[in-house]
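Data from run_2.pdb: PDB, C-alpha atoms and all ligand atoms
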```pdb
ATOM      1  CA  MET A   1      65.039  84.301 132.500  1.00  0.00           C
ATOM      2  CA  ASN A   2      65.438  87.507 134.421  1.00  0.00           C
ATOM      3  CA  ASP A   3      67.783  89.747 132.442  1.00  0.00           C
ATOM      4  CA  ARG A   4      67.283  92.836 134.558  1.00  0.00           C
ATOM      5  CA  ILE A   5      70.399  94.180 136.242  1.00  0.00           C
ATOM      6  CA  LYS A   6      70.156  96.319 139.338  1.00  0.00           C
ATOM      7  CA  VAL A   7      72.150  99.508 138.948  1.00  0.00           C
ATOM      8  CA  ILE A   8      72.815 101.947 141.754  1.00  0.00           C
ATOM      9  CA  CYS A   9      73.253 105.544 140.725  1.00  0.00           C
ATOM     10  CA  SER A  10      76.489 106.966 142.136  1.00  0.00           C
ATOM     11  CA  ASN A  11      74.965 110.415 142.278  1.00  0.00           C
ATOM     12  CA  CYS A  12      71.678 109.884 144.139  1.00  0.00           C
ATOM     13  CA  ARG A  13      72.295 106.305 145.446  1.00  0.00           C
ATOM     14  CA  LYS A  14      68.898 105.160 144.214  1.00  0.00           C
ATOM     15  CA  PRO A  15      68.663 101.784 142.509  1.00  0.00           C
ATOM     16  CA  PHE A  16      67.056 101.179 139.141  1.00  0.00           C
ATOM     17  CA  SER A  17      67.148  98.299 136.709  1.00  0.00           C
ATOM     18  CA  GLU A  18      68.500  98.000 133.208  1.00  0.00           C
ATOM     19  CA  ARG A  19      68.358  95.164 130.676  1.00  0.00           C
ATOM     20  CA  ALA A  20      71.477  92.978 130.537  1.00  0.00           C
ATOM     21  CA  ASN A  21      71.634  92.895 126.734  1.00  0.00           C
ATOM     22  CA  ARG A  22      71.822  96.681 126.561  1.00  0.00           C
ATOM     23  CA  LEU A  23      74.212  97.126 129.442  1.00  0.00           C
ATOM     24  CA  LYS A  24      77.663  96.874 127.904  1.00  0.00           C
ATOM     25  CA  ASN A  25      80.854  98.881 127.708  1.00  0.00           C
ATOM     26  CA  GLY A  26      80.160 102.394 126.438  1.00  0.00           C
ATOM     27  CA  TYR A  27      76.411 102.217 127.092  1.00  0.00           C
ATOM     28  CA  GLN A  28      74.882 105.383 128.481  1.00  0.00           C
ATOM     29  CA  VAL A  29      71.717 105.630 130.515  1.00  0.00           C
ATOM     30  CA  GLN A  30      70.060 108.478 132.350  1.00  0.00           C
ATOM     31  CA  CYS A  31      69.235 107.885 135.994  1.00  0.00           C
ATOM     32  CA  PRO A  32      65.416 107.918 136.288  1.00  0.00           C
ATOM     33  CA  ASN A  33      65.684 109.546 139.720  1.00  0.00           C
ATOM     34  CA  CYS A  34      68.182 112.389 139.339  1.00  0.00           C
ATOM     35  CA  MET A  35      68.490 112.453 135.497  1.00  0.00           C
ATOM     36  CA  ARG A  36      72.255 112.145 135.665  1.00  0.00           C
ATOM     37  CA  LEU A  37      73.817 110.531 132.592  1.00  0.00           C
ATOM     38  CA  ILE A  38      75.646 107.352 133.576  1.00  0.00           C
ATOM     39  CA  THR A  39      78.261 105.930 131.228  1.00  0.00           C
ATOM     40  CA  PHE A  40      79.060 102.244 131.659  1.00  0.00           C
ATOM     41  CA  ASP A  41      82.787 102.222 131.066  1.00  0.00           C
ATOM     42  CA  SER A  42      84.576  99.028 132.102  1.00  0.00           C
ATOM     43  CA  SER A  43      87.709 101.058 132.924  1.00  0.00           C
ATOM     44  CA  SER A  44      85.760 103.080 135.490  1.00  0.00           C
ATOM     45  CA  GLU A  45      86.890 102.967 139.103  1.00  0.00           C
ATOM     46  CA  ASP A  46      83.302 103.200 140.271  1.00  0.00           C
ATOM     47  CA  PRO A  47      81.985  99.857 141.609  1.00  0.00           C
ATOM     48  CA  ASN A  48      78.441 101.048 140.831  1.00  0.00           C
ATOM     49  CA  ILE A  49      79.513 100.982 137.164  1.00  0.00           C
ATOM     50  CA  ARG A  50      81.784  97.936 137.193  1.00  0.00           C
ATOM     51  CA  ARG A  51      79.452  95.592 139.087  1.00  0.00           C
ATOM     52  CA  PRO A  52      76.407  95.890 136.786  1.00  0.00           C
ATOM     53  CA  LEU A  53      78.689  95.655 133.726  1.00  0.00           C
ATOM     54  CA  LYS A  54      80.140  92.391 135.027  1.00  0.00           C
ATOM     55  CA  ALA A  55      76.717  91.017 135.978  1.00  0.00           C
ATOM     56  CA  ALA A  56      75.353  91.866 132.518  1.00  0.00           C
ATOM     57  CA  ARG A  57      78.310  90.142 130.839  1.00  0.00           C
ATOM     58  CA  GLU A  58      77.744  87.004 132.904  1.00  0.00           C
ATOM     59  CA  ILE A  59      74.046  86.944 131.983  1.00  0.00           C
ATOM     60  CA  ARG A  60      74.876  87.349 128.276  1.00  0.00           C
ATOM     61  CA  TYR A  61      77.430  84.525 128.471  1.00  0.00           C
ATOM     62  CA  ALA A  62      74.908  82.295 130.236  1.00  0.00           C
ATOM     63  CA  ALA A  63      72.348  83.077 127.521  1.00  0.00           C
ATOM     64  CA  GLU A  64      74.895  82.237 124.790  1.00  0.00           C
ATOM     65  CA  ASP A  65      75.749  78.975 126.556  1.00  0.00           C
ATOM     66  CA  ALA A  66      72.072  78.064 126.652  1.00  0.00           C
ATOM     67  CA  ILE A  67      71.816  78.649 122.878  1.00  0.00           C
ATOM     68  CA  VAL A  68      74.926  76.518 122.217  1.00  0.00           C
ATOM     69  CA  MET A  69      73.633  73.727 124.457  1.00  0.00           C
ATOM     70  CA  ALA A  70      70.241  73.798 122.727  1.00  0.00           C
ATOM     71  CA  ARG A  71      71.989  73.609 119.347  1.00  0.00           C
ATOM     72  CA  LEU A  72      74.137  70.669 120.475  1.00  0.00           C
ATOM     73  CA  ALA A  73      71.090  68.889 121.852  1.00  0.00           C
ATOM     74  CA  ALA A  74      69.309  69.398 118.531  1.00  0.00           C
ATOM     75  CA  GLN A  75      72.269  67.827 116.691  1.00  0.00           C
ATOM     76  CA  GLN A  76      72.140  64.647 118.747  1.00  0.00           C
ATOM     77  CA  PRO A  77      70.838  61.744 116.680  1.00  0.00           C
ATOM     78  CA  LYS A  78      67.295  61.096 117.657  1.00  0.00           C
ATOM     79  CA  ARG A  79      67.136  57.699 119.256  1.00  0.00           C
ATOM     80  CA  ASP A  80      64.042  56.052 120.549  1.00  0.00           C
ATOM     81  CA  THR A  81      65.234  54.917 123.940  1.00  0.00           C
ATOM     82  CA  GLY A  82      61.824  53.765 124.964  1.00  0.00           C
ATOM     83  CA  TYR A  83      61.373  55.792 128.105  1.00  0.00           C
TER      84      TYR A  83
HETATM   85 ZN    ZN A 101      70.584 109.197 140.253  1.00  0.00          ZN
END
```

In structure tokens, what does this structure look like?
Amino acid sequence: MNDRIKVICSNCRKPFSERANRLKNGYQVQCPNCMRLITFDSSSEDPNIRRPLKAAREIRYAAEDAIVMARLAAQQPKRDTGY
């Protein structure tokens, strides 16, 4: 699964990617292009901050769902259905 989130720096407008499991509220990353420190604050008005935060949250939820589904599937009684 691709867990890379595209982030656009509000300062230099250049895109870079960050891992979804690191990208959460309060996370700080330095732009690799202009070295500006970006703080991912969910209360920010900046769509370049809000959008990647939301995308990362959705990816983490999807990953959690996949774990739950795998666990449920493992709990199913094993039946030999013959196919
Ligand atoms: Zn930048």

_Close residues to ligand ZN 101 (chain A) using only C-alpha atoms and all ligand atoms, limit 6 Å, as an MDAnalysis selection string_ = chainID A and resid 9 11:12 14 31 33:34 36

Just the selected residues (C-alpha atoms), exported as a CSV table (one decimal), in the frame of the given file, please.
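New file again-v5.csv:
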```
chain,number,residue,atom,x,y,z
A,9,CYS,CA,73.3,105.5,140.7
A,11,ASN,CA,75.0,110.4,142.3
A,12,CYS,CA,71.7,109.9,144.1
A,14,LYS,CA,68.9,105.2,144.2
A,31,CYS,CA,69.2,107.9,136.0
A,33,ASN,CA,65.7,109.5,139.7
A,34,CYS,CA,68.2,112.4,139.3
A,36,ARG,CA,72.3,112.1,135.7
```

Could you state which residues are captured by the PyMOL selection byres (((chain A and resi 53) around 12) and not hetatm) in this file, as an mmCIF file with C-alpha atoms, in the frame of the given file?
```cif
data_model
loop_
_atom_site.group_PDB
_atom_site.id
_atom_site.type_symbol
_atom_site.label_atom_id
_atom_site.label_comp_id
_atom_site.auth_asym_id
_atom_site.auth_seq_id
_atom_site.Cartn_x
_atom_site.Cartn_y
_atom_site.Cartn_z
ATOM 1 C CA ARG A 4 67.283 92.836 134.558
ATOM 2 C CA ILE A 5 70.399 94.180 136.242
ATOM 3 C CA LYS A 6 70.156 96.319 139.338
ATOM 4 C CA VAL A 7 72.150 99.508 138.948
ATOM 5 C CA ILE A 8 72.815 101.947 141.754
ATOM 6 C CA GLU A 18 68.500 98.000 133.208
ATOM 7 C CA ARG A 19 68.358 95.164 130.676
ATOM 8 C CA ALA A 20 71.477 92.978 130.537
ATOM 9 C CA ASN A 21 71.634 92.895 126.734
ATOM 10 C CA ARG A 22 71.822 96.681 126.561
ATOM 11 C CA LEU A 23 74.212 97.126 129.442
ATOM 12 C CA LYS A 24 77.663 96.874 127.904
ATOM 13 C CA ASN A 25 80.854 98.881 127.708
ATOM 14 C CA GLY A 26 80.160 102.394 126.438
ATOM 15 C CA TYR A 27 76.411 102.217 127.092
ATOM 16 C CA GLN A 28 74.882 105.383 128.481
ATOM 17 C CA THR A 39 78.261 105.930 131.228
ATOM 18 C CA PHE A 40 79.060 102.244 131.659
ATOM 19 C CA ASP A 41 82.787 102.222 131.066
ATOM 20 C CA SER A 42 84.576 99.028 132.102
ATOM 21 C CA SER A 43 87.709 101.058 132.924
ATOM 22 C CA SER A 44 85.760 103.080 135.490
ATOM 23 C CA ASP A 46 83.302 103.200 140.271
ATOM 24 C CA PRO A 47 81.985 99.857 141.609
ATOM 25 C CA ASN A 48 78.441 101.048 140.831
ATOM 26 C CA ILE A 49 79.513 100.982 137.164
ATOM 27 C CA ARG A 50 81.784 97.936 137.193
ATOM 28 C CA ARG A 51 79.452 95.592 139.087
ATOM 29 C CA PRO A 52 76.407 95.890 136.786
ATOM 30 C CA LYS A 54 80.140 92.391 135.027
ATOM 31 C CA ALA A 55 76.717 91.017 135.978
ATOM 32 C CA ALA A 56 75.353 91.866 132.518
ATOM 33 C CA ARG A 57 78.310 90.142 130.839
ATOM 34 C CA GLU A 58 77.744 87.004 132.904
ATOM 35 C CA ILE A 59 74.046 86.944 131.983
ATOM 36 C CA ARG A 60 74.876 87.349 128.276
#
```

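In this model, the gap between atom CA of Phe16 of chain A and atom CA of Pro32 of chain A comes to 7.5 Å.
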
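The space separating atom CA of Arg71 of chain A from atom CA of Asn2 of chain A comes to 21.5 Å.
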
*At what distance in Å, to one decimal, does atom CA of Arg13 of chain A lie from atom CA of Glu45 of chain A?*
16.3 Å
